[in-house]
Amino acid sequence: MRKIKWSAFGLAILVVIILLGVFAFYNGRNRHPDYSLSLNIKAPKDTVTYKAGFAALKITPEISEKWIDKNDDAAYNKEDGDTFEDKNGNEKFDAYWLAGFSKKRAASGVHDHLWARAMVIDDGHTRLAVVAIDLIGFPHNNVINVRKKLADKFGITYTIICSTHNHEAPDMLGLWRDSFLKRGVNPIFEKWVENRIVESIGIAVKNLKTANLRVAQDLTGSDSLNIDTRKPIVKDKGVYILQATDAKSDSTLGAFVVWGNHPETLWSKNTLITSDFPHYVREGIEKGIYTDKKLAKKGLGGIVLYASGCVGGLMTTRPTVKIKDPFKDVYYEGATFEKAEAQGTTLALLALNALEKSEPVKGGINLIAKTFEMPVGNILFRLGVALGIIDSGYSSWAHFQTETAALSIGEVSFITIPGELYPEIASGGIETPKEGDFKLAEPIETPPLRNLMPGKYKFVLGLANDELGYIIPKSEWDKEAPYLYDSPKAHYGEVNSAGPETAPILHKTLKEMLEKLPK
């Protein structure tokens with residue numbers, strides 16, 4: 001009898017293992033096996049007439065079930081006495097879990113709206129759509145969903161969807177629910193956001209008008225607004241602005257602003273949905289900047305998109321960072337909306353002042369874009385895929401399909417980054433510390449990407465068309481002791497990266513593309 005019992009038990013274990021394997025295999029299936037992209041479009045040689053159109057659609061969810069945080073820890077726990085309003089009577093907390101920081105941070109209300117803001121630029125030959133969304137990230141799987149929904153509806157040649165990497169918006173990656181075994185994304189919200197992106201592009205196309213383009217930048221003014229929390233200290237300080245004006249009336253149709261910093265100034269205890277400091281950047285540029293209810297700087301009008309640049313490293317405005325009021329001798333610290341407003345308003349001022357010395361953009365759109373595979377060395381990422389928490393699937397075993405692009409319009413060039421790029425990969429300053437896990441004598445990711453980009457104005461678009469996590473120079477990769485720069489503990493970054501090969505592969509891919517881009 002004993003042998004029969006153990007055999008039955010062993011068989012049961014075997015069945016469970018097989019079922020788990022089938023479950024993991026199913027979750028790792030390729031969501032879009034028929035999809036690949038390879039574009040190489042040259043600008044027209046004749047005189048170019050631009051058209052530009054903009055749109056802004058809210059993607060703020062309705063918070064129907066609010067909750068009471070009994071011990072003010074910003075984490076929903078029944079054990080702490082936290083309660084919620086069961087509006088639909090299903091005895092389940094229908095929460096929107098906020099992305100970033102720690103799990104269980106449920107939204108309790110709305111401070112300001114989240115947006116899908118679209119810009120479409122057409123040179124008569126190529127029609128480019130850029131959409132900036134106030135979310136933590138937008139995986140490549142979702143990008144393909146959007147493109148399939150777009151199909152040939154609006155004549156779009158290429159679409160770029162940039163996430164601001166907002167830490168005060170609903171989870172879009174699956175990582176921040178109340179359980180390690182459950183995906184944190186609300187599937188209804190996910191599909192609605194995809195549809196809103198498609199709709200925003202359609203409205204922007206409908207709004208196309210003959211336009212002039214102008215470009216400006218401020219390469220130093222933002223230095224006090226964030227810090228680099230990991231050596232080597234390299235920040236992408238530039239604020240980059242592309243403006244489109246109506247060719248007939250000269251009124252502003254819209255503008256596109258890029259700066260490199262985590263939108264997490266409200267930090268980890270905030271439970272109100274907000275787009276963080278980008279809200280104040282857009283408001284200031286569009287509507288003007290006021291102090292004591294008096295207009296201090298006139299706005300542009302139109303619709304402003306905000307996108308994040310190089311945010312890896314880690315670029316942040318943590319509570320200890322003091323932000324000066326742009327008009328008063330007052331400094332804000334902690335994690336308050338007053339601080340986020342001062343930060344965003346200062347950035348808006350930098351952009352508006354820079355545009356006073358803007359230059360016209362001339363020339364058609366050159367565009368190179370391609371999908372490629374990225375190995376997933378992070379065991380936690382693989383586990384997330386196996387459990388269905390990360391709903392991306394593999395293009396081949398333990399590889400994500402991802403994407404990058406390089407494009408230029410006259411003296412303006414852009415590259416898209418499918419994650420959170422360490423600024424030294426873009427601008428230089430990679431180091432090879434002796435404690436690095438791979439003991440490299442020289443950096444792999446050289447020359448800096450901006451050295452390869454044509455033109456005077458060089459926009460690096462982070463979290464564009466994917467979110468692979470941190471993109472760390474391989475020589476600075478460090479999971480094993482001794483830690484970089486004699487640190488007593490491991491640095492933050494590697495745990496949220498696809499792996500040590502991410503930066504070398506991305507750099508090599510972009511280098512090849514930029515070498516083909518017309519100078």
# chains A, B, ... in the order shown; residues from 1 in each chain; ligands from 1
$ closest_atom_pairs --of "range 402-501 of chain A" --to "range 121-124 of chain A" --cutoff "12 Å" --atoms "only C-alpha atoms" --output "JSON lines"
{"residue": "A:Ser408", "atom": "CA", "partner": "A:Asp123", "partner_atom": "CA", "distance": 12.0}
{"residue": "A:Ile409", "atom": "CA", "partner": "A:Asp123", "partner_atom": "CA", "distance": 9.4}
{"residue": "A:Gly410", "atom": "CA", "partner": "A:Asp123", "partner_atom": "CA", "distance": 11.5}
$ residues_around --residues "range 480-496 of chain A" --least-positions-apart "2" --cutoff "9 Å" --atoms "only C-alpha atoms" --output "JSON, numbers by chain"
{"A": [230, 231, 312, 313, 314, 378, 380, 381, 433, 434, 435, 436, 437, 468, 469, 470, 471, 472, 476, 477, 478, 498, 499, 500]}
$ closest_residue --among "A:Arg117, A:Arg183, A:Lys104, A:Lys456" --to "Gly202 in chain A" --atoms "only C-alpha atoms"
A:Arg117
$ select_by_dssp --residues "range 315-515 of chain A" --states "alpha helix (DSSP H)" --output "PyMOL selection string"
chain A and resi 337-355+379-387+423-427+449-452+502-515
$ write_last_selection --atoms "N, CA and C atoms" --output "compact mmCIF listing (two decimals), in the first residue's frame"
# COMPACT_ATOMS: atom_id res chain seq x y z
N PHE A 337 2.48 68.75 -4.48
CA PHE A 337 2.07 69.29 -5.77
C PHE A 337 2.66 70.68 -6.00
N GLU A 338 2.91 71.44 -4.93
CA GLU A 338 3.56 72.75 -5.08
C GLU A 338 4.96 72.58 -5.67
N LYS A 339 5.65 71.55 -5.24
CA LYS A 339 6.99 71.28 -5.76
C LYS A 339 6.93 70.85 -7.23
N ALA A 340 5.99 69.95 -7.55
CA ALA A 340 5.82 69.51 -8.94
C ALA A 340 5.46 70.68 -9.84
N GLU A 341 4.63 71.60 -9.33
CA GLU A 341 4.25 72.77 -10.12
C GLU A 341 5.44 73.68 -10.37
N ALA A 342 6.26 73.91 -9.34
CA ALA A 342 7.45 74.75 -9.51
C ALA A 342 8.41 74.13 -10.53
N GLN A 343 8.55 72.82 -10.46
CA GLN A 343 9.43 72.11 -11.39
C GLN A 343 8.91 72.20 -12.82
N GLY A 344 7.64 71.87 -13.00
CA GLY A 344 7.06 71.91 -14.34
C GLY A 344 7.02 73.31 -14.92
N THR A 345 6.72 74.31 -14.07
CA THR A 345 6.68 75.69 -14.54
C THR A 345 8.06 76.17 -14.96
N THR A 346 9.08 75.77 -14.21
CA THR A 346 10.45 76.14 -14.58
C THR A 346 10.83 75.55 -15.93
N LEU A 347 10.46 74.30 -16.16
CA LEU A 347 10.72 73.68 -17.46
C LEU A 347 9.96 74.39 -18.58
N ALA A 348 8.73 74.77 -18.31
CA ALA A 348 7.94 75.50 -19.31
C ALA A 348 8.60 76.83 -19.65
N LEU A 349 9.11 77.52 -18.65
CA LEU A 349 9.81 78.78 -18.88
C LEU A 349 11.06 78.57 -19.74
N LEU A 350 11.82 77.52 -19.44
CA LEU A 350 13.01 77.22 -20.23
C LEU A 350 12.64 77.00 -21.70
N ALA A 351 11.55 76.26 -21.91
CA ALA A 351 11.12 75.98 -23.28
C ALA A 351 10.66 77.24 -23.99
N LEU A 352 9.84 78.05 -23.32
CA LEU A 352 9.33 79.28 -23.94
C LEU A 352 10.47 80.26 -24.24
N ASN A 353 11.41 80.38 -23.32
CA ASN A 353 12.55 81.27 -23.55
C ASN A 353 13.42 80.77 -24.70
N ALA A 354 13.62 79.46 -24.76
CA ALA A 354 14.44 78.89 -25.84
C ALA A 354 13.79 79.14 -27.20
N LEU A 355 12.45 79.07 -27.26
CA LEU A 355 11.75 79.26 -28.53
C LEU A 355 11.88 80.68 -29.07
N ILE A 379 15.96 36.83 -14.71
CA ILE A 379 15.15 35.68 -14.30
C ILE A 379 13.77 36.13 -13.81
N LEU A 380 13.71 37.29 -13.15
CA LEU A 380 12.42 37.79 -12.67
C LEU A 380 11.51 38.14 -13.84
N PHE A 381 12.07 38.70 -14.90
CA PHE A 381 11.27 38.98 -16.10
C PHE A 381 10.74 37.68 -16.69
N ARG A 382 11.59 36.66 -16.75
CA ARG A 382 11.16 35.38 -17.30
C ARG A 382 10.05 34.76 -16.44
N LEU A 383 10.19 34.89 -15.14
CA LEU A 383 9.16 34.38 -14.24
C LEU A 383 7.86 35.14 -14.45
N GLY A 384 7.97 36.45 -14.63
CA GLY A 384 6.79 37.26 -14.89
C GLY A 384 6.06 36.85 -16.15
N VAL A 385 6.82 36.50 -17.20
CA VAL A 385 6.21 36.01 -18.43
C VAL A 385 5.54 34.67 -18.20
N ALA A 386 6.25 33.77 -17.50
CA ALA A 386 5.72 32.43 -17.25
C ALA A 386 4.41 32.48 -16.47
N LEU A 387 4.30 33.41 -15.52
CA LEU A 387 3.10 33.53 -14.69
C LEU A 387 2.00 34.35 -15.36
N PRO A 423 22.04 57.97 -19.48
CA PRO A 423 22.42 59.12 -20.31
C PRO A 423 23.81 59.00 -20.92
N GLU A 424 24.73 58.30 -20.25
CA GLU A 424 26.09 58.21 -20.78
C GLU A 424 26.15 57.45 -22.11
N ILE A 425 25.15 56.61 -22.38
CA ILE A 425 25.11 55.91 -23.67
C ILE A 425 24.76 56.89 -24.78
N ALA A 426 23.96 57.89 -24.47
CA ALA A 426 23.58 58.90 -25.46
C ALA A 426 24.59 60.01 -25.59
N SER A 427 25.12 60.47 -24.46
CA SER A 427 25.91 61.70 -24.47
C SER A 427 27.38 61.53 -24.10
N LEU A 449 25.72 57.90 -28.76
CA LEU A 449 24.74 57.93 -29.84
C LEU A 449 24.56 59.32 -30.42
N ARG A 450 24.61 60.33 -29.57
CA ARG A 450 24.43 61.69 -30.09
C ARG A 450 25.57 62.09 -31.04
N ASN A 451 26.74 61.50 -30.86
CA ASN A 451 27.84 61.78 -31.79
C ASN A 451 27.55 61.24 -33.18
N LEU A 452 26.67 60.25 -33.26
CA LEU A 452 26.33 59.64 -34.54
C LEU A 452 25.10 60.28 -35.18
N THR A 502 21.40 44.14 -23.18
CA THR A 502 20.43 45.09 -23.74
C THR A 502 21.12 46.30 -24.35
N ALA A 503 22.01 46.94 -23.58
CA ALA A 503 22.67 48.15 -24.07
C ALA A 503 23.57 47.87 -25.28
N PRO A 504 24.43 46.84 -25.24
CA PRO A 504 25.27 46.59 -26.41
C PRO A 504 24.47 46.31 -27.68
N ILE A 505 23.40 45.52 -27.57
CA ILE A 505 22.61 45.19 -28.76
C ILE A 505 21.89 46.42 -29.30
N LEU A 506 21.30 47.20 -28.40
CA LEU A 506 20.60 48.41 -28.84
C LEU A 506 21.56 49.41 -29.46
N HIS A 507 22.71 49.61 -28.83
CA HIS A 507 23.69 50.56 -29.36
C HIS A 507 24.16 50.12 -30.74
N LYS A 508 24.47 48.85 -30.90
CA LYS A 508 24.92 48.33 -32.20
C LYS A 508 23.85 48.54 -33.27
N THR A 509 22.60 48.25 -32.91
CA THR A 509 21.50 48.40 -33.86
C THR A 509 21.33 49.85 -34.28
N LEU A 510 21.34 50.77 -33.31
CA LEU A 510 21.17 52.19 -33.63
C LEU A 510 22.39 52.73 -34.38
N LYS A 511 23.56 52.27 -34.03
CA LYS A 511 24.77 52.73 -34.73
C LYS A 511 24.68 52.38 -36.23
N GLU A 512 24.26 51.16 -36.53
CA GLU A 512 24.12 50.75 -37.93
C GLU A 512 23.06 51.59 -38.63
N MET A 513 21.98 51.91 -37.95
CA MET A 513 20.92 52.70 -38.55
C MET A 513 21.37 54.15 -38.78
N LEU A 514 22.04 54.72 -37.79
CA LEU A 514 22.46 56.12 -37.90
C LEU A 514 23.53 56.30 -38.97
N GLU A 515 24.34 55.27 -39.18
CA GLU A 515 25.35 55.36 -40.23
C GLU A 515 24.71 55.37 -41.61
$ closest_residue --among "A:Leu208, A:Ile241, A:Leu175, A:Ile415" --to "Leu305 in chain A" --atoms "only C-alpha atoms"
A:Ile241
$ residues_around --residues "Thr164 in chain A" --least-positions-apart "3" --cutoff "6 Å" --atoms "only C-alpha atoms" --output "PyMOL selection string"
chain A and resi 134+307-308
$ closest_residue --among "A:Ser275, A:Gln217, A:Ser108, A:Asn212" --to "Val257 in chain A" --atoms "only C-alpha atoms"
A:Gln217
$ residues_around --residues "range 166-170 of chain A" --least-positions-apart "3" --cutoff "7 Å" --atoms "only C-alpha atoms" --output "mmCIF file with N, CA and C atoms, in the first residue's frame"
data_model
loop_
_atom_site.group_PDB
_atom_site.id
_atom_site.type_symbol
_atom_site.label_atom_id
_atom_site.label_comp_id
_atom_site.auth_asym_id
_atom_site.auth_seq_id
_atom_site.Cartn_x
_atom_site.Cartn_y
_atom_site.Cartn_z
ATOM 1 N N TYR A 96 -7.679 50.493 -9.220
ATOM 2 C CA TYR A 96 -6.661 50.787 -10.214
ATOM 3 C C TYR A 96 -5.343 50.882 -9.454
ATOM 4 N N TRP A 97 -4.446 49.933 -9.726
ATOM 5 C CA TRP A 97 -3.173 49.880 -9.007
ATOM 6 C C TRP A 97 -2.185 50.815 -9.680
ATOM 7 N N LEU A 98 -1.602 51.714 -8.886
ATOM 8 C CA LEU A 98 -0.678 52.704 -9.424
ATOM 9 C C LEU A 98 0.688 52.069 -9.665
ATOM 10 N N ALA A 99 1.308 52.435 -10.774
ATOM 11 C CA ALA A 99 2.589 51.846 -11.170
ATOM 12 C C ALA A 99 3.754 52.570 -10.500
ATOM 13 N N GLY A 100 4.828 51.836 -10.290
ATOM 14 C CA GLY A 100 6.039 52.402 -9.711
ATOM 15 C C GLY A 100 6.076 52.238 -8.200
ATOM 16 N N ASP A 134 0.670 59.469 -20.681
ATOM 17 C CA ASP A 134 1.075 59.633 -19.279
ATOM 18 C C ASP A 134 0.985 58.309 -18.526
ATOM 19 N N LEU A 135 1.806 57.348 -18.927
ATOM 20 C CA LEU A 135 1.799 56.034 -18.298
ATOM 21 C C LEU A 135 3.226 55.576 -18.029
ATOM 22 N N ILE A 136 3.375 54.542 -17.206
ATOM 23 C CA ILE A 136 4.686 54.021 -16.808
ATOM 24 C C ILE A 136 5.443 53.442 -18.002
ATOM 25 N N PRO A 263 9.030 61.087 -14.008
ATOM 26 C CA PRO A 263 7.874 61.794 -13.441
ATOM 27 C C PRO A 263 7.399 61.069 -12.181
ATOM 28 N N GLU A 264 8.095 61.331 -11.091
ATOM 29 C CA GLU A 264 7.787 60.699 -9.815
ATOM 30 C C GLU A 264 8.019 61.672 -8.663
ATOM 31 N N ILE A 273 -4.305 60.034 -8.825
ATOM 32 C CA ILE A 273 -3.848 59.971 -10.206
ATOM 33 C C ILE A 273 -3.460 61.372 -10.666
ATOM 34 N N THR A 274 -2.283 61.464 -11.275
ATOM 35 C CA THR A 274 -1.773 62.739 -11.763
ATOM 36 C C THR A 274 -0.717 62.448 -12.821
ATOM 37 N N SER A 275 -0.503 63.368 -13.725
ATOM 38 C CA SER A 275 0.594 63.219 -14.682
ATOM 39 C C SER A 275 1.879 63.824 -14.150
ATOM 40 N N ASP A 276 1.878 64.216 -12.860
ATOM 41 C CA ASP A 276 3.073 64.718 -12.180
ATOM 42 C C ASP A 276 3.529 66.020 -12.835
#
$ select_by_dssp --residues "range 15-176 of chain A" --states "strand (DSSP E or B)" --output "ChimeraX atom specification"
/A:38-41,50-58,67-68,83-84,97-98,106,109-110,115-122,127-133,158-163,170
$ closest_atom_pairs --of "range 99-148 of chain A" --to "range 35-47 of chain A" --cutoff "12 Å" --atoms "only C-alpha atoms" --output "tab-separated table"
residue	atom	partner	partner_atom	distance
A:Asp122	CA	A:Ala43	CA	11.2
A:Asp123	CA	A:Pro44	CA	8.3
A:Gly124	CA	A:Pro44	CA	8.4
A:His125	CA	A:Pro44	CA	6.8
A:Thr126	CA	A:Ala43	CA	8.0
A:Arg127	CA	A:Ile41	CA	11.1
A:Leu128	CA	A:Ile41	CA	11.6
A:His140	CA	A:Tyr35	CA	11.1
A:Asn141	CA	A:Tyr35	CA	10.2
A:Val143	CA	A:Tyr35	CA	11.3
A:Ile144	CA	A:Tyr35	CA	7.9
A:Asn145	CA	A:Tyr35	CA	10.4
A:Arg147	CA	A:Tyr35	CA	10.4
A:Lys148	CA	A:Tyr35	CA	9.7
$ write_last_selection --atoms "C-alpha atoms" --output "PDB file, in the first residue's frame"
ATOM      1  CA  ASP A 122       3.480  65.066 -43.087  1.00  0.00           C
ATOM      2  CA  ASP A 123       6.098  66.160 -45.635  1.00  0.00           C
ATOM      3  CA  GLY A 124       3.995  65.116 -48.627  1.00  0.00           C
ATOM      4  CA  HIS A 125       5.817  61.801 -48.825  1.00  0.00           C
ATOM      5  CA  THR A 126       5.953  60.438 -45.277  1.00  0.00           C
ATOM      6  CA  ARG A 127       3.326  60.799 -42.561  1.00  0.00           C
ATOM      7  CA  LEU A 128       4.754  60.432 -39.047  1.00  0.00           C
ATOM      8  CA  HIS A 140       5.714  46.579 -27.777  1.00  0.00           C
ATOM      9  CA  ASN A 141       2.833  44.107 -27.770  1.00  0.00           C
ATOM     10  CA  VAL A 143       2.146  49.133 -29.816  1.00  0.00           C
ATOM     11  CA  ILE A 144       1.502  46.412 -32.404  1.00  0.00           C
ATOM     12  CA  ASN A 145      -2.132  46.198 -31.250  1.00  0.00           C
ATOM     13  CA  ARG A 147      -0.851  49.631 -35.377  1.00  0.00           C
ATOM     14  CA  LYS A 148      -3.166  46.783 -36.343  1.00  0.00           C
TER      15      LYS A 148
END
$ atom_distance --atom1 "CA of Ile160 in chain A" --atom2 "CA of Gly184 in chain A"
24.6 Å
$ closest_residue --among "A:Asp466, A:Asp391, A:Glu501, A:Glu359" --to "Val215 in chain A" --atoms "only C-alpha atoms"
A:Glu359
$ residues_around --residues "range 327-334 of chain A" --least-positions-apart "3" --cutoff "9 Å" --atoms "only C-alpha atoms" --output "short mmCIF file (atom, residue, chain, number, x, y, z; two decimals) with C-alpha atoms, in the first residue's frame"
data_model
loop_
_atom_site.label_atom_id
_atom_site.label_comp_id
_atom_site.auth_asym_id
_atom_site.auth_seq_id
_atom_site.Cartn_x
_atom_site.Cartn_y
_atom_site.Cartn_z
CA THR A 265 8.13 63.98 -7.94
CA LEU A 266 4.93 63.15 -6.01
CA TRP A 267 6.75 60.01 -4.83
CA THR A 291 2.73 84.46 -10.69
CA ARG A 318 13.26 62.57 -4.93
CA PRO A 319 11.79 64.27 -1.83
CA THR A 320 15.22 65.49 -0.63
CA VAL A 321 15.78 67.47 -3.83
CA LYS A 322 14.85 71.13 -3.39
CA ILE A 323 13.10 72.95 -6.23
CA LYS A 324 13.14 76.74 -6.33
CA GLU A 338 3.56 72.75 -5.08
CA LYS A 339 6.99 71.28 -5.76
CA ALA A 340 5.82 69.51 -8.94
CA ALA A 342 7.45 74.75 -9.51
#
$ residues_around --residues "Thr220 in chain A" --least-positions-apart "6" --cutoff "9 Å" --atoms "only C-alpha atoms" --output "PyMOL selection string"
chain A and resi 237-239
$ write_last_selection --atoms "C-alpha atoms" --output "mmCIF file, in the first residue's frame"
data_model
loop_
_atom_site.group_PDB
_atom_site.id
_atom_site.type_symbol
_atom_site.label_atom_id
_atom_site.label_comp_id
_atom_site.auth_asym_id
_atom_site.auth_seq_id
_atom_site.Cartn_x
_atom_site.Cartn_y
_atom_site.Cartn_z
ATOM 1 C CA LYS A 237 20.241 68.251 -19.125
ATOM 2 C CA GLY A 238 18.794 69.319 -22.446
ATOM 3 C CA VAL A 239 15.240 70.523 -22.934
#
$ closest_residue --among "A:Phe154, A:Phe101, A:Phe400, A:Phe256" --to "Ser268 in chain A" --atoms "only C-alpha atoms"
A:Phe101
$ residues_around --residues "range 283-287 of chain A" --least-positions-apart "4" --cutoff "7 Å" --atoms "only C-alpha atoms" --output "number ranges by chain"
A: 279, 299-304, 345, 348, 352
$ write_last_selection --atoms "N, CA and C atoms" --output "CSV table (one decimal), in the first residue's frame"
chain,number,residue,atom,x,y,z
A,279,HIS,N,2.3,67.7,-16.3
A,279,HIS,CA,1.1,68.5,-16.3
A,279,HIS,C,1.3,70.0,-16.3
A,299,GLY,N,1.8,82.1,-23.2
A,299,GLY,CA,1.9,80.8,-23.7
A,299,GLY,C,1.8,80.8,-25.2
A,300,LEU,N,2.0,79.6,-25.8
A,300,LEU,CA,2.0,79.4,-27.2
A,300,LEU,C,0.6,79.2,-27.7
A,301,GLY,N,-0.3,78.6,-26.9
A,301,GLY,CA,-1.6,78.1,-27.4
A,301,GLY,C,-1.3,76.7,-28.0
A,302,GLY,N,-2.2,76.1,-28.7
A,302,GLY,CA,-2.1,74.8,-29.3
A,302,GLY,C,-2.1,73.7,-28.3
A,303,ILE,N,-1.6,72.6,-28.7
A,303,ILE,CA,-1.5,71.3,-27.9
A,303,ILE,C,0.0,70.9,-27.7
A,304,VAL,N,0.4,70.7,-26.5
A,304,VAL,CA,1.8,70.4,-26.2
A,304,VAL,C,1.8,68.9,-25.8
A,345,THR,N,6.7,74.3,-14.1
A,345,THR,CA,6.7,75.7,-14.5
A,345,THR,C,8.1,76.2,-15.0
A,348,ALA,N,8.7,74.8,-18.3
A,348,ALA,CA,7.9,75.5,-19.3
A,348,ALA,C,8.6,76.8,-19.7
A,352,LEU,N,9.8,78.1,-23.3
A,352,LEU,CA,9.3,79.3,-23.9
A,352,LEU,C,10.5,80.3,-24.2
$ closest_residue --among "A:Ser7, A:Asn30, A:Asn465, A:Gln243" --to "Val412 in chain A" --atoms "only C-alpha atoms"
A:Gln243
